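First the structure, in the form of structure tokens, and then the observations on it.
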Amino acid sequence: MPLTHGVVTGTASHFPAKSRYSALALLRGALGGHRHWGRAWRAAEPKPSYDVVIIGGGAHGLATAYYLASQHGIRRVAVVEKGWIGGGNTGRNTTIVRSNYRQAPLQRLLEHSLRLWEGLSDELNYNVMFSPRGALFLGHSDADMTRLAERGDSLRAMGIDAELMSVDAVRRLVPLLDFSRAARWPIAGGLIQHRGGTARHDAVAWGYARAADNLGVDIIENCEVIGFTREGDAVTGIETTRGRIAAGKVAICVAGNSGHVAGLAGVRLPIESHTLQAYVTEPVKPMIDTVIMSQSLHCYISQSDKGGIVAGGDPDGFPSYAQRGQPVRLEHAIAQAIALVPALSRLRMVRCWSGVTDMSFDGSPIIGDLPLRNLHLNGGWCYGGFKATPGSGHLYAYHLATGQPHPIAAPFDLARFAQGRTIDEAGVGPMPQHR
Amino acid sequence: MMLIHCPHCGPRAQEEFTYERTRDSVVQLDQAPDVAMAALYSRTNPRGEENEIWRHTLGCRGWLELRRDRMSHAIVAVRPLGVQVLP
């Protein structure tokens with residue numbers, strides 16, 4: 001199946017001129033002391049019923065609501081969020097965007113998403129600060145370089161950009177890496193996707209929230225789902241801390257907590273919730289202007305627009321919903337980053353945090369139907385969901401609106417586990433702690 | 001960090017231990033395919049207590065069963081596991 005080109009969809013014309021964000025509006029605001037700015041979205045009260053209720057006000061859920069309204073004309077939609085918009089994994093990731101995966105179904109999925117990223121700020125009339133500064137995988141040995149070359153070939157065959165880099169080319173791009181012979185992880189070269197990069201994660205949630213709200217979607221914060229209403233094997237709505245809401249379709253989109261929420265409906269998933277940590281240093285002048293990852297290490301480093309070095313490493317390796325991580329794992333991640341870029345040892349860490357990741361049992365997301373009618377799932381994104389945000393929402397909205405999986409999302413159904421067609425990028429089987 | 005009381009070695013730091021899988025996901029060799037599939041590929045994944053198999057990898061290498069709270073990380077019970085529960 002070829003990649004679908006031209007997926008970039010609506011226009012920014014959803015917003016009436018008065019509420020559009022623009023340089024002119026900023027200038028006009030400056031004259032009036034910036035007192036005219038209103039809320040970016042309404043604080044909606046739950047209505048008794050909706051066509052679609054999306055559980056989870058992270059960026060994936062908000063994107064789903066936005067595309068339901070903008071692409072499919074379904075506007076009786078609510079997004080219910082137990083906390084506040086973007087307060088979960090949307091605001092806890094390391095903001096990396098790329099599509100350079102190894103297997104074709106994942107390449108199609110993430111490339112679909114990357115193409116949406118490329119037009120997203122215009123589409124949402126909100127600067128999501130998508131910055132295609134390149135996503136570089138380092139190779140540390142001949143074996144690494146062979147695997148990177150293989151991956152690059154497979155990506156280019158799919159129409160996705162990938163450039164194999166020599167050591168000299170890597171040195172020109174990231175001179176601060178340790179290229180010495182005594183390096184803990186010698187640099188043998190790299191593979192870069194120039195169209196990859198980073199985006200401002202909070203802005204993605206806020207942009208989708210504002211755009212969805214503008215199209216009539218109700219965004220209901222501080223509203224936790226505590227159960228489902230059912231008629232036989234069909235789900236008819238949700239019970240929440242703010243009352244019962246009836247729904248034609250209920251769409252779970254709570255990665256990190258999919259096991260818990262599906263459990264409220266009595267459904268067991270091939271997902272275990274694990275902790276992933278990340279950290280950021282004090283802000284410094286530009287020193288790393290690409291995203292550094294590694295073929296052999298689980299380590300990813302980038303510099304935020306504010307100047308902080310953002311990095312992360314391995315998940316903690318056992319199930320937890322605690323949203324706090326083990327110092328040992330963080331120390332390991334920091335040691336790897338310092339070994340790659342020794343100058344990082346001179347920076348102070350200002351924050352570390354953790355998120356709860358939906359570790360699926362093949363490492364790939366699950367998008368599709370659940371065994372109960374009118375109940376759907378988008379989850380299992382492991383620790384790689386942020387980059388997929390626009391594509392995930394776009395494909396899930398298609399599924400909810402048409403009742404059929406989009407061809408790009410079809411391989412990611414729940415039935416693949418029983419049918420032996422898992423999409424296991426790391427090849428480790430149902431062992432999330434080894435991913 | 002968790003302090004895990006190994007039944008053989010006493011209280012030891014968590015980093016000596018590795019998580020294996022939940023107690024209910026051990027597949028018996030003579031199980032029907034659908035039962036084995038469900039055990040391998042589905043979890044309760046509760047926001048609360050669960051029975052888990054861990055190993056004292058960097059200690060006595062013994063297998064343990066922990067009853068552990070996944071919200072608070074409190075360990076409710078630890079007991080040694082023998083070959084009788086492993087495939």
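Identifiers for the structure tokens are assigned positionally: chains receive A, B, ... in sequence, residues are indexed from 1 per chain, and ligands are indexed from 1 in the order shown.
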Considering only C-alpha atoms, tabulate each residue of segment 268-349 of chain A that lies at most 7 Å from segment 43-63 of chain B along with its nearest interatomic pair and the corresponding distance in Å to one decimal; arrange the rows by chain and ascending residue number and present them as CSV.
residue,atom,partner,partner_atom,distance
A:Arg268,CA,B:Thr44,CA,5.5
A:Leu269,CA,B:Arg43,CA,5.8
A:Pro270,CA,B:Arg43,CA,6.0
A:Ile271,CA,B:Arg43,CA,6.5
A:Glu272,CA,B:Asn45,CA,5.6
A:Ser273,CA,B:Asn45,CA,6.9
A:Tyr321,CA,B:Arg47,CA,6.5
N, CA, C and O atoms of the current selection, written as a PDB file, in the first residue's frame:
ATOM      1  N   ARG A 268      -9.984  -6.724  29.378  1.00  0.00           N
ATOM      2  CA  ARG A 268      -8.544  -6.844  29.657  1.00  0.00           C
ATOM      3  C   ARG A 268      -7.770  -6.623  28.367  1.00  0.00           C
ATOM      4  O   ARG A 268      -8.151  -7.132  27.319  1.00  0.00           O
ATOM      5  N   LEU A 269      -6.687  -5.865  28.460  1.00  0.00           N
ATOM      6  CA  LEU A 269      -5.930  -5.481  27.261  1.00  0.00           C
ATOM      7  C   LEU A 269      -4.514  -6.046  27.305  1.00  0.00           C
ATOM      8  O   LEU A 269      -3.988  -6.321  28.380  1.00  0.00           O
ATOM      9  N   PRO A 270      -3.870  -6.162  26.141  1.00  0.00           N
ATOM     10  CA  PRO A 270      -2.446  -6.526  26.116  1.00  0.00           C
ATOM     11  C   PRO A 270      -1.579  -5.303  26.403  1.00  0.00           C
ATOM     12  O   PRO A 270      -0.772  -4.891  25.585  1.00  0.00           O
ATOM     13  N   ILE A 271      -1.802  -4.728  27.565  1.00  0.00           N
ATOM     14  CA  ILE A 271      -1.112  -3.492  27.938  1.00  0.00           C
ATOM     15  C   ILE A 271      -0.767  -3.557  29.417  1.00  0.00           C
ATOM     16  O   ILE A 271      -1.557  -4.032  30.229  1.00  0.00           O
ATOM     17  N   GLU A 272       0.424  -3.079  29.755  1.00  0.00           N
ATOM     18  CA  GLU A 272       0.823  -2.917  31.141  1.00  0.00           C
ATOM     19  C   GLU A 272       1.339  -1.486  31.292  1.00  0.00           C
ATOM     20  O   GLU A 272       2.049  -0.995  30.413  1.00  0.00           O
ATOM     21  N   SER A 273       1.000  -0.836  32.399  1.00  0.00           N
ATOM     22  CA  SER A 273       1.425   0.557  32.599  1.00  0.00           C
ATOM     23  C   SER A 273       2.769   0.599  33.307  1.00  0.00           C
ATOM     24  O   SER A 273       2.929   0.031  34.385  1.00  0.00           O
ATOM     25  N   TYR A 321       1.642   2.907  38.256  1.00  0.00           N
ATOM     26  CA  TYR A 321       0.848   4.082  37.888  1.00  0.00           C
ATOM     27  C   TYR A 321       1.291   5.297  38.713  1.00  0.00           C
ATOM     28  O   TYR A 321       0.583   6.290  38.789  1.00  0.00           O
TER      29      TYR A 321
END
Could you make a table, as a tab-separated table, of the residues of chain B that have an atom within 9 Å of an atom of chain A, each with its nearest atom pair and distance in Å to one decimal, counting only C-alpha atoms, in chain and number order?
residue	atom	partner	partner_atom	distance
B:Met1	CA	A:Gln326	CA	5.8
B:Met2	CA	A:Gln326	CA	8.9
B:Glu15	CA	A:Val328	CA	7.6
B:Thr18	CA	A:Gly317	CA	7.7
B:Tyr19	CA	A:Phe318	CA	5.6
B:Glu20	CA	A:Gln433	CA	7.9
B:Arg21	CA	A:Met431	CA	7.6
B:Asp34	CA	A:Ala418	CA	8.1
B:Met37	CA	A:Ala418	CA	6.5
B:Ala38	CA	A:Ala418	CA	8.2
B:Leu40	CA	A:Pro430	CA	6.9
B:Tyr41	CA	A:Pro270	CA	4.8
B:Ser42	CA	A:Pro270	CA	4.2
B:Arg43	CA	A:Arg268	CA	5.6
B:Thr44	CA	A:Arg268	CA	5.5
B:Asn45	CA	A:Gly259	CA	5.4
B:Pro46	CA	A:His260	CA	5.9
B:Arg47	CA	A:His260	CA	6.4
B:Gly48	CA	A:Tyr321	CA	8.7
B:Asp69	CA	A:Ser320	CA	8.2
B:Arg70	CA	A:Ser320	CA	4.6
B:Met71	CA	A:Ala322	CA	4.8
B:Ser72	CA	A:Ala322	CA	6.4
B:His73	CA	A:Ser320	CA	7.5
(request) Calculate how many Å separate atom CA of Val52 of chain A from atom CA of Gly237 of chain A, rounding to one decimal. (result)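 About the pair atom CA of Val52 of chain A and atom CA of Gly237 of chain A: they are 9.3 Å apart.
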(message) Can you measure atom CA of Thr90 of chain A to atom CA of Arg200 of chain A for me? One decimal in Å is fine.
(response) 9.9 Å
(message) Residues of segment 139-332 of chain A classed as strand (DSSP E) by DSSP on the backbone are to be reported as an MDAnalysis selection string.
(response) chainID A and resid 139 163:165 189:193 197:198 218:220 225:231 234:240 243:252 271:281 291:294 300:303 309:319
(message) Which residues are close to segment 308-315 of chain A, i.e. within 6 Å by only C-alpha atoms, leaving aside same-chain residues fewer than 5 positions away? Reply as a count of residues only.
(response) 15
(request) Grab the atom CA of Arg68 of chain B to atom CA of Glu16 of chain B distance for me, in Å with one decimal place. (result) 16.7 Å
(message) as a VMD selection string, please: every residue in segment 31-226 of chain A that DSSP puts in helix (DSSP H, G or I).
(response) chain A and resid 31 59 to 72 89 to 91 104 to 118 120 to 124 142 to 157 167 to 173 201 to 214
(request) Give me the residues within 7 Å of segment 401-413 of chain A as a ChimeraX atom specification, counting only C-alpha atoms and dropping any in the same chain fewer than 2 places off. (result) /A:68,72,105,108-109,365-368,395,397-399,415-416
Quick one: write out the picked residues with C-alpha atoms as an mmCIF file, in the first residue's frame?
data_model
loop_
_atom_site.group_PDB
_atom_site.id
_atom_site.type_symbol
_atom_site.label_atom_id
_atom_site.label_comp_id
_atom_site.auth_asym_id
_atom_site.auth_seq_id
_atom_site.Cartn_x
_atom_site.Cartn_y
_atom_site.Cartn_z
ATOM 1 C CA LEU A 68 -14.219 14.451 13.973
ATOM 2 C CA HIS A 72 -16.387 14.429 9.332
ATOM 3 C CA PRO A 105 3.003 -0.449 9.107
ATOM 4 C CA ARG A 108 3.063 4.437 7.179
ATOM 5 C CA LEU A 109 1.458 5.400 10.493
ATOM 6 C CA PRO A 365 -0.299 1.108 19.411
ATOM 7 C CA ILE A 366 -3.780 -0.367 19.426
ATOM 8 C CA ILE A 367 -6.369 1.587 17.418
ATOM 9 C CA GLY A 368 -9.786 0.085 16.866
ATOM 10 C CA LEU A 395 -7.100 7.980 11.945
ATOM 11 C CA ALA A 397 -11.627 10.106 14.028
ATOM 12 C CA TYR A 398 -11.932 8.308 10.668
ATOM 13 C CA HIS A 399 -12.641 5.044 12.484
ATOM 14 C CA ALA A 415 -7.284 -8.818 17.116
ATOM 15 C CA ARG A 416 -3.681 -8.936 15.873
#
